[in-house]
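> Structure file model_11.cif (mmCIF, N, CA and C atoms) is given on the next line.
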```cif
data_final
loop_
_atom_site.label_atom_id
_atom_site.label_comp_id
_atom_site.auth_asym_id
_atom_site.auth_seq_id
_atom_site.Cartn_x
_atom_site.Cartn_y
_atom_site.Cartn_z
N MET A 1 -16.70 9.73 8.27
CA MET A 1 -15.41 9.27 7.72
C MET A 1 -14.26 9.79 8.60
N ARG A 2 -13.21 9.02 8.66
CA ARG A 2 -12.02 9.41 9.42
C ARG A 2 -11.30 10.57 8.72
N THR A 3 -10.51 11.32 9.47
CA THR A 3 -9.65 12.34 8.88
C THR A 3 -8.40 11.64 8.37
N ILE A 4 -8.11 11.78 7.09
CA ILE A 4 -6.96 11.11 6.47
C ILE A 4 -5.87 12.15 6.19
N THR A 5 -4.69 11.92 6.77
CA THR A 5 -3.56 12.82 6.56
C THR A 5 -2.39 12.13 5.86
N GLU A 6 -2.48 10.81 5.70
CA GLU A 6 -1.38 10.06 5.07
C GLU A 6 -1.93 8.94 4.19
N ILE A 7 -1.25 8.74 3.10
CA ILE A 7 -1.48 7.58 2.24
C ILE A 7 -0.16 6.82 2.28
N ILE A 8 -0.20 5.60 2.80
CA ILE A 8 1.04 4.85 3.02
C ILE A 8 1.09 3.67 2.07
N VAL A 9 2.16 3.60 1.30
CA VAL A 9 2.34 2.57 0.27
C VAL A 9 3.19 1.43 0.81
N HIS A 10 2.74 0.22 0.54
CA HIS A 10 3.38 -1.01 1.01
C HIS A 10 3.58 -1.98 -0.16
N CYS A 11 4.32 -3.05 0.11
CA CYS A 11 4.38 -4.20 -0.78
C CYS A 11 4.04 -5.43 0.05
N THR A 12 3.69 -6.52 -0.62
CA THR A 12 3.35 -7.75 0.11
C THR A 12 4.58 -8.52 0.57
N ALA A 13 5.77 -8.12 0.12
CA ALA A 13 7.01 -8.84 0.44
C ALA A 13 6.92 -10.28 -0.02
N THR A 14 6.45 -10.44 -1.25
CA THR A 14 6.38 -11.74 -1.90
C THR A 14 7.24 -11.72 -3.15
N PRO A 15 7.67 -12.89 -3.63
CA PRO A 15 8.58 -12.95 -4.78
C PRO A 15 7.98 -12.40 -6.07
N ARG A 16 8.86 -11.83 -6.87
CA ARG A 16 8.52 -11.30 -8.19
C ARG A 16 7.67 -12.31 -8.95
N GLY A 17 6.54 -11.85 -9.46
CA GLY A 17 5.69 -12.68 -10.31
C GLY A 17 4.71 -13.58 -9.57
N ARG A 18 4.80 -13.68 -8.26
CA ARG A 18 3.87 -14.55 -7.52
C ARG A 18 2.58 -13.79 -7.24
N ALA A 19 1.49 -14.27 -7.79
CA ALA A 19 0.19 -13.65 -7.56
C ALA A 19 -0.25 -13.88 -6.11
N VAL A 20 -0.87 -12.87 -5.55
CA VAL A 20 -1.38 -12.94 -4.18
C VAL A 20 -2.77 -12.33 -4.19
N THR A 21 -3.68 -12.96 -3.49
CA THR A 21 -5.05 -12.46 -3.44
C THR A 21 -5.33 -11.71 -2.14
N VAL A 22 -6.39 -10.93 -2.16
CA VAL A 22 -6.84 -10.24 -0.95
C VAL A 22 -7.18 -11.28 0.11
N ARG A 23 -7.76 -12.38 -0.31
CA ARG A 23 -8.11 -13.45 0.63
C ARG A 23 -6.86 -13.98 1.34
N GLU A 24 -5.76 -14.17 0.60
CA GLU A 24 -4.51 -14.64 1.22
C GLU A 24 -3.98 -13.63 2.23
N ILE A 25 -3.96 -12.37 1.84
CA ILE A 25 -3.46 -11.34 2.75
C ILE A 25 -4.34 -11.26 3.99
N ASP A 26 -5.64 -11.38 3.79
CA ASP A 26 -6.57 -11.39 4.91
C ASP A 26 -6.22 -12.54 5.88
N ALA A 27 -5.95 -13.70 5.34
CA ALA A 27 -5.59 -14.86 6.18
C ALA A 27 -4.27 -14.60 6.91
N TRP A 28 -3.27 -14.02 6.23
CA TRP A 28 -2.00 -13.71 6.87
C TRP A 28 -2.22 -12.75 8.04
N HIS A 29 -3.02 -11.73 7.81
CA HIS A 29 -3.23 -10.73 8.84
C HIS A 29 -4.05 -11.28 10.00
N ARG A 30 -5.04 -12.11 9.72
CA ARG A 30 -5.83 -12.74 10.79
C ARG A 30 -4.92 -13.65 11.64
N ALA A 31 -3.99 -14.33 10.99
CA ALA A 31 -3.06 -15.21 11.71
C ALA A 31 -2.17 -14.39 12.66
N ARG A 32 -1.96 -13.12 12.33
CA ARG A 32 -1.17 -12.23 13.19
C ARG A 32 -2.02 -11.56 14.26
N GLY A 33 -3.32 -11.88 14.29
CA GLY A 33 -4.20 -11.34 15.31
C GLY A 33 -5.00 -10.13 14.90
N PHE A 34 -4.90 -9.70 13.63
CA PHE A 34 -5.70 -8.57 13.16
C PHE A 34 -7.13 -9.05 12.95
N SER A 35 -8.05 -8.10 12.86
CA SER A 35 -9.46 -8.45 12.63
C SER A 35 -9.75 -8.71 11.16
N GLY A 36 -8.75 -8.62 10.32
CA GLY A 36 -8.88 -8.84 8.88
C GLY A 36 -7.75 -8.13 8.17
N ILE A 37 -7.82 -8.10 6.86
CA ILE A 37 -6.77 -7.45 6.07
C ILE A 37 -6.54 -6.03 6.58
N GLY A 38 -5.29 -5.66 6.69
CA GLY A 38 -4.96 -4.35 7.24
C GLY A 38 -4.90 -3.24 6.21
N TYR A 39 -4.76 -3.60 4.93
CA TYR A 39 -4.67 -2.61 3.85
C TYR A 39 -6.06 -2.26 3.35
N HIS A 40 -6.20 -1.05 2.86
CA HIS A 40 -7.47 -0.62 2.27
C HIS A 40 -7.56 -1.02 0.80
N TYR A 41 -6.41 -1.05 0.13
CA TYR A 41 -6.38 -1.42 -1.29
C TYR A 41 -5.16 -2.28 -1.58
N VAL A 42 -5.32 -3.21 -2.51
CA VAL A 42 -4.23 -4.07 -2.96
C VAL A 42 -4.20 -4.01 -4.49
N VAL A 43 -3.01 -3.81 -5.05
CA VAL A 43 -2.85 -3.75 -6.50
C VAL A 43 -2.18 -5.05 -6.97
N GLY A 44 -2.92 -5.83 -7.73
CA GLY A 44 -2.43 -7.11 -8.23
C GLY A 44 -1.42 -6.96 -9.34
N LEU A 45 -0.79 -8.06 -9.70
CA LEU A 45 0.23 -8.07 -10.75
C LEU A 45 -0.31 -7.53 -12.07
N ASP A 46 -1.60 -7.77 -12.33
CA ASP A 46 -2.21 -7.32 -13.58
C ASP A 46 -2.70 -5.87 -13.51
N GLY A 47 -2.47 -5.21 -12.38
CA GLY A 47 -2.88 -3.82 -12.22
C GLY A 47 -4.29 -3.66 -11.67
N ARG A 48 -4.96 -4.77 -11.42
CA ARG A 48 -6.31 -4.68 -10.86
C ARG A 48 -6.23 -4.18 -9.42
N VAL A 49 -7.05 -3.18 -9.11
CA VAL A 49 -7.11 -2.63 -7.75
C VAL A 49 -8.23 -3.37 -7.02
N MET A 50 -7.85 -4.02 -5.94
CA MET A 50 -8.79 -4.81 -5.15
C MET A 50 -9.02 -4.14 -3.80
N ALA A 51 -10.27 -4.12 -3.38
CA ALA A 51 -10.62 -3.52 -2.10
C ALA A 51 -10.24 -4.45 -0.97
N GLY A 52 -9.71 -3.87 0.08
CA GLY A 52 -9.40 -4.61 1.30
C GLY A 52 -10.34 -4.12 2.40
N ARG A 53 -9.77 -3.59 3.44
CA ARG A 53 -10.53 -3.02 4.56
C ARG A 53 -11.27 -1.77 4.05
N THR A 54 -12.44 -1.51 4.57
CA THR A 54 -13.16 -0.30 4.14
C THR A 54 -12.44 0.93 4.65
N GLU A 55 -12.54 2.01 3.91
CA GLU A 55 -11.86 3.25 4.29
C GLU A 55 -12.35 3.81 5.62
N GLU A 56 -13.58 3.50 5.97
CA GLU A 56 -14.14 4.01 7.22
C GLU A 56 -13.44 3.42 8.44
N ARG A 57 -12.85 2.24 8.28
CA ARG A 57 -12.15 1.58 9.39
C ARG A 57 -10.67 1.93 9.37
N SER A 58 -10.11 2.16 10.54
CA SER A 58 -8.66 2.35 10.62
C SER A 58 -7.96 1.12 10.09
N GLY A 59 -6.85 1.34 9.44
CA GLY A 59 -6.08 0.23 8.90
C GLY A 59 -5.31 -0.50 9.98
N ALA A 60 -4.59 -1.52 9.55
CA ALA A 60 -3.67 -2.28 10.40
C ALA A 60 -2.45 -2.55 9.53
N HIS A 61 -1.73 -1.47 9.22
CA HIS A 61 -0.63 -1.58 8.26
C HIS A 61 0.61 -0.79 8.65
N CYS A 62 0.48 0.18 9.56
CA CYS A 62 1.63 1.00 9.92
C CYS A 62 1.46 1.51 11.35
N LEU A 63 2.15 0.88 12.26
CA LEU A 63 2.04 1.19 13.68
C LEU A 63 2.19 2.69 13.94
N GLY A 64 1.24 3.24 14.67
CA GLY A 64 1.25 4.64 15.01
C GLY A 64 0.65 5.56 13.97
N HIS A 65 0.25 5.02 12.82
CA HIS A 65 -0.28 5.84 11.73
C HIS A 65 -1.63 5.34 11.22
N ASN A 66 -2.11 4.24 11.72
CA ASN A 66 -3.31 3.61 11.17
C ASN A 66 -4.57 4.47 11.26
N ALA A 67 -4.75 5.18 12.34
CA ALA A 67 -5.99 5.94 12.56
C ALA A 67 -6.20 7.04 11.53
N ARG A 68 -5.11 7.56 10.98
CA ARG A 68 -5.23 8.71 10.07
C ARG A 68 -4.72 8.44 8.66
N SER A 69 -4.61 7.17 8.30
CA SER A 69 -4.04 6.86 6.98
C SER A 69 -4.89 5.87 6.19
N ILE A 70 -4.58 5.83 4.90
CA ILE A 70 -5.10 4.81 3.99
C ILE A 70 -3.89 3.96 3.60
N GLY A 71 -4.03 2.65 3.72
CA GLY A 71 -2.95 1.73 3.37
C GLY A 71 -3.17 1.14 1.99
N VAL A 72 -2.17 1.32 1.13
CA VAL A 72 -2.20 0.82 -0.24
C VAL A 72 -1.03 -0.15 -0.40
N CYS A 73 -1.28 -1.30 -0.98
CA CYS A 73 -0.24 -2.32 -1.09
C CYS A 73 -0.20 -2.88 -2.50
N TYR A 74 1.02 -3.04 -3.05
CA TYR A 74 1.14 -3.74 -4.33
C TYR A 74 1.71 -5.13 -4.08
N VAL A 75 1.34 -6.06 -4.91
CA VAL A 75 1.80 -7.44 -4.79
C VAL A 75 3.23 -7.52 -5.33
N GLY A 76 4.14 -8.00 -4.49
CA GLY A 76 5.54 -8.13 -4.88
C GLY A 76 6.44 -7.52 -3.84
N GLY A 77 7.63 -7.11 -4.29
CA GLY A 77 8.58 -6.46 -3.40
C GLY A 77 9.84 -7.25 -3.12
N LEU A 78 9.88 -8.51 -3.57
CA LEU A 78 11.09 -9.33 -3.39
C LEU A 78 11.47 -9.97 -4.73
N GLU A 79 12.77 -10.20 -4.88
CA GLU A 79 13.23 -10.95 -6.06
C GLU A 79 12.75 -12.39 -5.95
N LYS A 80 12.95 -13.16 -6.98
CA LYS A 80 12.48 -14.56 -7.00
C LYS A 80 13.09 -15.40 -5.89
N ASP A 81 14.24 -14.97 -5.32
CA ASP A 81 14.85 -15.72 -4.22
C ASP A 81 14.07 -15.55 -2.91
N ALA A 82 13.06 -14.69 -2.92
CA ALA A 82 12.18 -14.44 -1.76
C ALA A 82 12.92 -13.81 -0.57
N ARG A 83 14.09 -13.24 -0.81
CA ARG A 83 14.85 -12.60 0.26
C ARG A 83 15.31 -11.19 -0.09
N THR A 84 15.59 -10.96 -1.36
CA THR A 84 16.18 -9.69 -1.77
C THR A 84 15.10 -8.67 -2.11
N PRO A 85 15.04 -7.55 -1.36
CA PRO A 85 14.06 -6.51 -1.67
C PRO A 85 14.30 -5.93 -3.05
N ALA A 86 13.21 -5.68 -3.78
CA ALA A 86 13.31 -5.12 -5.12
C ALA A 86 11.98 -4.48 -5.52
N ASP A 87 12.08 -3.46 -6.34
CA ASP A 87 10.89 -2.84 -6.91
C ASP A 87 10.43 -3.75 -8.05
N THR A 88 9.48 -4.60 -7.76
CA THR A 88 9.03 -5.61 -8.73
C THR A 88 7.73 -5.21 -9.42
N ARG A 89 7.32 -3.96 -9.30
CA ARG A 89 6.06 -3.54 -9.92
C ARG A 89 6.07 -3.80 -11.42
N THR A 90 5.00 -4.40 -11.88
CA THR A 90 4.82 -4.60 -13.32
C THR A 90 4.40 -3.26 -13.92
N PRO A 91 4.50 -3.11 -15.25
CA PRO A 91 4.00 -1.86 -15.86
C PRO A 91 2.53 -1.59 -15.49
N ALA A 92 1.72 -2.63 -15.46
CA ALA A 92 0.30 -2.46 -15.09
C ALA A 92 0.17 -2.00 -13.64
N GLN A 93 1.00 -2.52 -12.75
CA GLN A 93 0.95 -2.09 -11.35
C GLN A 93 1.40 -0.65 -11.21
N ARG A 94 2.44 -0.27 -11.94
CA ARG A 94 2.92 1.12 -11.87
C ARG A 94 1.81 2.09 -12.27
N LYS A 95 1.15 1.77 -13.35
CA LYS A 95 0.07 2.62 -13.86
C LYS A 95 -1.11 2.67 -12.87
N ALA A 96 -1.53 1.51 -12.39
CA ALA A 96 -2.68 1.44 -11.48
C ALA A 96 -2.37 2.08 -10.14
N LEU A 97 -1.18 1.85 -9.63
CA LEU A 97 -0.80 2.41 -8.33
C LEU A 97 -0.76 3.93 -8.41
N ARG A 98 -0.20 4.44 -9.48
CA ARG A 98 -0.15 5.90 -9.66
C ARG A 98 -1.56 6.48 -9.74
N ALA A 99 -2.44 5.83 -10.50
CA ALA A 99 -3.82 6.32 -10.63
C ALA A 99 -4.55 6.25 -9.29
N LEU A 100 -4.35 5.18 -8.54
CA LEU A 100 -4.99 5.03 -7.23
C LEU A 100 -4.51 6.09 -6.26
N VAL A 101 -3.21 6.29 -6.19
CA VAL A 101 -2.66 7.29 -5.28
C VAL A 101 -3.15 8.69 -5.68
N ALA A 102 -3.19 8.96 -6.98
CA ALA A 102 -3.69 10.27 -7.44
C ALA A 102 -5.14 10.47 -7.03
N GLU A 103 -5.95 9.44 -7.18
CA GLU A 103 -7.36 9.53 -6.78
C GLU A 103 -7.48 9.78 -5.27
N LEU A 104 -6.71 9.05 -4.49
CA LEU A 104 -6.76 9.22 -3.03
C LEU A 104 -6.30 10.62 -2.63
N CYS A 105 -5.28 11.13 -3.30
CA CYS A 105 -4.81 12.49 -3.00
C CYS A 105 -5.88 13.52 -3.33
N ARG A 106 -6.61 13.32 -4.41
CA ARG A 106 -7.71 14.24 -4.76
C ARG A 106 -8.84 14.16 -3.72
N ARG A 107 -9.14 12.95 -3.29
CA ARG A 107 -10.23 12.75 -2.33
C ARG A 107 -9.88 13.22 -0.93
N PHE A 108 -8.57 13.19 -0.61
CA PHE A 108 -8.12 13.59 0.73
C PHE A 108 -7.07 14.70 0.61
N PRO A 109 -7.51 15.92 0.26
CA PRO A 109 -6.56 17.04 0.11
C PRO A 109 -5.75 17.23 1.39
N GLY A 110 -4.48 17.49 1.21
CA GLY A 110 -3.58 17.68 2.34
C GLY A 110 -2.90 16.41 2.80
N ALA A 111 -3.40 15.26 2.35
CA ALA A 111 -2.76 13.98 2.73
C ALA A 111 -1.40 13.87 2.04
N GLU A 112 -0.42 13.39 2.79
CA GLU A 112 0.92 13.17 2.24
C GLU A 112 1.11 11.70 1.92
N VAL A 113 1.86 11.43 0.87
CA VAL A 113 2.14 10.06 0.47
C VAL A 113 3.49 9.64 1.05
N HIS A 114 3.52 8.45 1.64
CA HIS A 114 4.73 7.92 2.25
C HIS A 114 4.89 6.45 1.88
N GLY A 115 6.11 5.98 1.97
CA GLY A 115 6.37 4.56 1.89
C GLY A 115 6.46 4.02 3.31
N HIS A 116 6.07 2.78 3.51
CA HIS A 116 6.11 2.16 4.83
C HIS A 116 7.50 2.27 5.44
N ARG A 117 8.53 2.18 4.61
CA ARG A 117 9.92 2.21 5.10
C ARG A 117 10.27 3.50 5.83
N GLU A 118 9.48 4.55 5.64
CA GLU A 118 9.73 5.79 6.35
C GLU A 118 9.38 5.67 7.83
N PHE A 119 8.57 4.67 8.16
CA PHE A 119 8.09 4.53 9.53
C PHE A 119 8.51 3.21 10.20
N ALA A 120 9.17 2.35 9.46
CA ALA A 120 9.57 1.04 10.00
C ALA A 120 10.91 0.64 9.41
N ALA A 121 11.64 -0.20 10.11
CA ALA A 121 12.95 -0.66 9.65
C ALA A 121 12.75 -1.79 8.63
N LYS A 122 12.19 -1.41 7.49
CA LYS A 122 11.90 -2.36 6.40
C LYS A 122 12.21 -1.67 5.08
N ALA A 123 12.38 -2.45 4.03
CA ALA A 123 12.58 -1.89 2.69
C ALA A 123 11.25 -1.50 2.05
N CYS A 124 10.17 -1.97 2.59
CA CYS A 124 8.82 -1.80 2.06
C CYS A 124 8.50 -0.34 1.74
N PRO A 125 8.07 -0.01 0.57
CA PRO A 125 7.62 -0.83 -0.54
C PRO A 125 8.69 -1.12 -1.59
N CYS A 126 9.94 -0.94 -1.24
CA CYS A 126 11.08 -1.25 -2.11
C CYS A 126 11.26 -0.25 -3.25
N PHE A 127 10.71 0.95 -3.07
CA PHE A 127 10.99 2.09 -3.94
C PHE A 127 10.65 3.34 -3.12
N ASP A 128 11.09 4.49 -3.58
CA ASP A 128 10.87 5.72 -2.85
C ASP A 128 9.50 6.30 -3.20
N ALA A 129 8.47 5.85 -2.50
CA ALA A 129 7.10 6.27 -2.77
C ALA A 129 6.93 7.77 -2.55
N ARG A 130 7.58 8.30 -1.54
CA ARG A 130 7.47 9.73 -1.24
C ARG A 130 7.91 10.55 -2.45
N ALA A 131 9.07 10.24 -2.99
CA ALA A 131 9.60 10.99 -4.13
C ALA A 131 8.74 10.74 -5.39
N GLU A 132 8.34 9.52 -5.60
CA GLU A 132 7.60 9.18 -6.82
C GLU A 132 6.22 9.81 -6.88
N TYR A 133 5.55 9.94 -5.74
CA TYR A 133 4.17 10.40 -5.73
C TYR A 133 3.96 11.79 -5.13
N LYS A 134 5.01 12.45 -4.69
CA LYS A 134 4.90 13.78 -4.07
C LYS A 134 4.13 14.74 -4.95
N SER A 135 4.33 14.69 -6.24
CA SER A 135 3.68 15.63 -7.16
C SER A 135 2.17 15.41 -7.25
N LEU A 136 1.68 14.29 -6.75
CA LEU A 136 0.24 13.99 -6.80
C LEU A 136 -0.52 14.58 -5.62
N GLU A 137 0.20 14.98 -4.58
CA GLU A 137 -0.45 15.51 -3.38
C GLU A 137 -1.19 16.80 -3.72
N VAL A 138 -2.37 16.96 -3.11
CA VAL A 138 -3.22 18.13 -3.34
C VAL A 138 -3.19 18.98 -2.08
N PRO A 139 -2.72 20.23 -2.19
CA PRO A 139 -2.69 21.09 -1.01
C PRO A 139 -4.10 21.39 -0.52
N VAL A 140 -4.19 21.70 0.75
CA VAL A 140 -5.50 22.05 1.34
C VAL A 140 -5.87 23.44 0.92
#
```
Just dump the structure as structure tokens.


Amino acid sequence: MRTITEIIVHCTATPRGRAVTVREIDAWHRARGFSGIGYHYVVGLDGRVMAGRTEERSGAHCLGHNARSIGVCYVGGLEKDARTPADTRTPAQRKALRALVAELCRRFPGAEVHGHREFAAKACPCFDARAEYKSLEVPV
């Protein structure tokens, strides 16, 4: 298994309420030249956690950080106008995302949680993931 030092949270940058499947994200990423979906986990509108890329493989979600991170993505991130960034997480997504990040922090002690926006000029994931999940990190 790879050494994991970061858990990076993303959004799909899709409009509020629009369901997106792992298959769709996989197609988007393949169209960009990736070998498949770049995220390791995707959290659907209903809170279902769907597997993406296997954890053993480096992600394709955050330039310069993929080799040592797990990429987690929730569906949403834009208002219905498809332009305005917003924290569109449903209550089910909030609960599932928190549980997933907590599990990953337990499995990878010492890993820090970050939002994609900390490493790229984007609003993604449209909330302060670092502040929201800092308390879940497990010291080494």

> Decode the PyMOL selection byres ((chain A and resi 86) around 8) for the given file into explicit residues and return them as a list in words.

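For this structure, the PyMOL selection byres ((chain A and resi 86) around 8) captures Gly76, Gly77, Leu78, Glu79, Arg83, Thr84, Pro85, Asp87, Thr88, Arg89, Ala123, Cys124, Pro125, Cys126 and Phe127 of chain A.
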
> Taking only chain A into account, list the residues labelled helix (DSSP H, G or I) by DSSP (computed from the backbone), as an MDAnalysis selection string.

chainID A and resid 22:31 66:68 91:107 116:118 129:136

> Find, counting only C-alpha atoms, the residue in A:Gly59, A:Gly44, A:Pro15, A:Gly71 that gets nearest to Val101 in chain A.

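Checking each of A:Gly59, A:Gly44, A:Pro15, A:Gly71 against Val101 in chain A, counting only C-alpha atoms, the winner is A:Gly71.
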
> Check what the PyMOL selection byres ((chain A and resi 5) around 6.5) selects in the file above and give those residues as an MDAnalysis selection string.

chainID A and resid 3:4 6:7 68:70 110:112

> Can you pull out the residues contacting Ala96 in chain A? Cut-off 7 Å, using only N, CA and C atoms, and skip same-chain residues under 3 positions away; I want them as a list in words.

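Once the nearby chain positions are removed, what remains is Val43, Gly47, Arg48, Val49, Pro91, Ala92, Gln93, Ala99, Leu100 and Val101 of chain A.
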
> For the selection you just gave me, I'd like the residues written to a file as a PDB file, in the frame of the given file, keeping N, CA and C atoms.


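Output contents, as saved in result22.pdb:
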```pdb
ATOM      1  N   VAL A  43      -3.010  -3.810  -5.050  1.00  0.00           N
ATOM      2  CA  VAL A  43      -2.850  -3.750  -6.500  1.00  0.00           C
ATOM      3  C   VAL A  43      -2.180  -5.050  -6.970  1.00  0.00           C
ATOM      4  N   GLY A  47      -2.470  -5.210 -12.380  1.00  0.00           N
ATOM      5  CA  GLY A  47      -2.880  -3.820 -12.220  1.00  0.00           C
ATOM      6  C   GLY A  47      -4.290  -3.660 -11.670  1.00  0.00           C
ATOM      7  N   ARG A  48      -4.960  -4.770 -11.420  1.00  0.00           N
ATOM      8  CA  ARG A  48      -6.310  -4.680 -10.860  1.00  0.00           C
ATOM      9  C   ARG A  48      -6.230  -4.180  -9.420  1.00  0.00           C
ATOM     10  N   VAL A  49      -7.050  -3.180  -9.110  1.00  0.00           N
ATOM     11  CA  VAL A  49      -7.110  -2.630  -7.750  1.00  0.00           C
ATOM     12  C   VAL A  49      -8.230  -3.370  -7.020  1.00  0.00           C
ATOM     13  N   PRO A  91       4.500  -3.110 -15.250  1.00  0.00           N
ATOM     14  CA  PRO A  91       4.000  -1.860 -15.860  1.00  0.00           C
ATOM     15  C   PRO A  91       2.530  -1.590 -15.490  1.00  0.00           C
ATOM     16  N   ALA A  92       1.720  -2.630 -15.460  1.00  0.00           N
ATOM     17  CA  ALA A  92       0.300  -2.460 -15.090  1.00  0.00           C
ATOM     18  C   ALA A  92       0.170  -2.000 -13.640  1.00  0.00           C
ATOM     19  N   GLN A  93       1.000  -2.520 -12.750  1.00  0.00           N
ATOM     20  CA  GLN A  93       0.950  -2.090 -11.350  1.00  0.00           C
ATOM     21  C   GLN A  93       1.400  -0.650 -11.210  1.00  0.00           C
ATOM     22  N   ALA A  99      -2.440   5.830 -10.500  1.00  0.00           N
ATOM     23  CA  ALA A  99      -3.820   6.320 -10.630  1.00  0.00           C
ATOM     24  C   ALA A  99      -4.550   6.250  -9.290  1.00  0.00           C
ATOM     25  N   LEU A 100      -4.350   5.180  -8.540  1.00  0.00           N
ATOM     26  CA  LEU A 100      -4.990   5.030  -7.230  1.00  0.00           C
ATOM     27  C   LEU A 100      -4.510   6.090  -6.260  1.00  0.00           C
ATOM     28  N   VAL A 101      -3.210   6.290  -6.190  1.00  0.00           N
ATOM     29  CA  VAL A 101      -2.660   7.290  -5.280  1.00  0.00           C
ATOM     30  C   VAL A 101      -3.150   8.690  -5.680  1.00  0.00           C
TER      31      VAL A 101
END
```

> Selection in question (the file shown): the PyMOL selection byres ((chain A and resi 53) around 6). Which residues does it include, as a tab-separated table (two decimals) with N, CA and C atoms, keeping the file's coordinate frame?


```tsv
chain	number	residue	atom	x	y	z
A	37	ILE	N	-7.82	-8.10	6.86
A	37	ILE	CA	-6.77	-7.45	6.07
A	37	ILE	C	-6.54	-6.03	6.58
A	38	GLY	N	-5.29	-5.66	6.69
A	38	GLY	CA	-4.96	-4.35	7.24
A	38	GLY	C	-4.90	-3.24	6.21
A	39	TYR	N	-4.76	-3.60	4.93
A	39	TYR	CA	-4.67	-2.61	3.85
A	39	TYR	C	-6.06	-2.26	3.35
A	40	HIS	N	-6.20	-1.05	2.86
A	40	HIS	CA	-7.47	-0.62	2.27
A	40	HIS	C	-7.56	-1.02	0.80
A	41	TYR	N	-6.41	-1.05	0.13
A	41	TYR	CA	-6.38	-1.42	-1.29
A	41	TYR	C	-5.16	-2.28	-1.58
A	51	ALA	N	-10.27	-4.12	-3.38
A	51	ALA	CA	-10.62	-3.52	-2.10
A	51	ALA	C	-10.24	-4.45	-0.97
A	52	GLY	N	-9.71	-3.87	0.08
A	52	GLY	CA	-9.40	-4.61	1.30
A	52	GLY	C	-10.34	-4.12	2.40
A	54	THR	N	-12.44	-1.51	4.57
A	54	THR	CA	-13.16	-0.30	4.14
A	54	THR	C	-12.44	0.93	4.65
A	55	GLU	N	-12.54	2.01	3.91
A	55	GLU	CA	-11.86	3.25	4.29
A	55	GLU	C	-12.35	3.81	5.62
```

> In Å to one decimal, how far is CA of Ala102 in chain A from CA of Val140 in chain A?

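Interatomic distance here is 14.8 Å.
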
> Kindly give the distance, in Å, that separates atom N of Phe119 in chain A and atom N of Leu97 in chain A, rounded to a single decimal.

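Atom N of Phe119 in chain A sits 20.5 Å away from atom N of Leu97 in chain A.
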
> If you run DSSP on the backbone, which residues of chain A are strand (DSSP E), as a list in words?

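Selection result, strand (DSSP E) within chain A: Glu6, Ile7, Ile8, Val9, His10, Cys11, Thr14, Pro15, Tyr41, Val42, Val43, Val49, Met50, Ala51, Ser69, Ile70, Gly71, Val72, Cys73, Tyr74, Gly77, Leu78, Glu112, Val113, His114 and Gly115 of chain A.
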
> Between A:Met50, A:Ala19, A:Val42, A:Ile8, which one has atoms that come closest to Gly115 in chain A, using only N, CA and C atoms?

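With only N, CA and C atoms as the atom set, the closest residue is A:Ile8.
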
> Taking all atoms listed in the file into account, which of A:Arg32, A:Arg2, A:Lys95, A:Arg16 comes nearest Lys80 in chain A?

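For Lys80 in chain A, the nearest of the candidates is A:Arg16.
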
> Have a look at A:Ala131, A:Met1, A:Ala27, A:Cys11 and name the one nearest to His116 in chain A; count only N, CA and C atoms.

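Of A:Ala131, A:Met1, A:Ala27, A:Cys11, the one nearest His116 in chain A, counting only N, CA and C atoms, is A:Cys11.
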
> May I ask for the distance between atom N of Arg107 in chain A and atom C of Glu132 in chain A, given in Å to one decimal place?

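Result for atom N of Arg107 in chain A versus atom C of Glu132 in chain A: 16.1 Å, one decimal.
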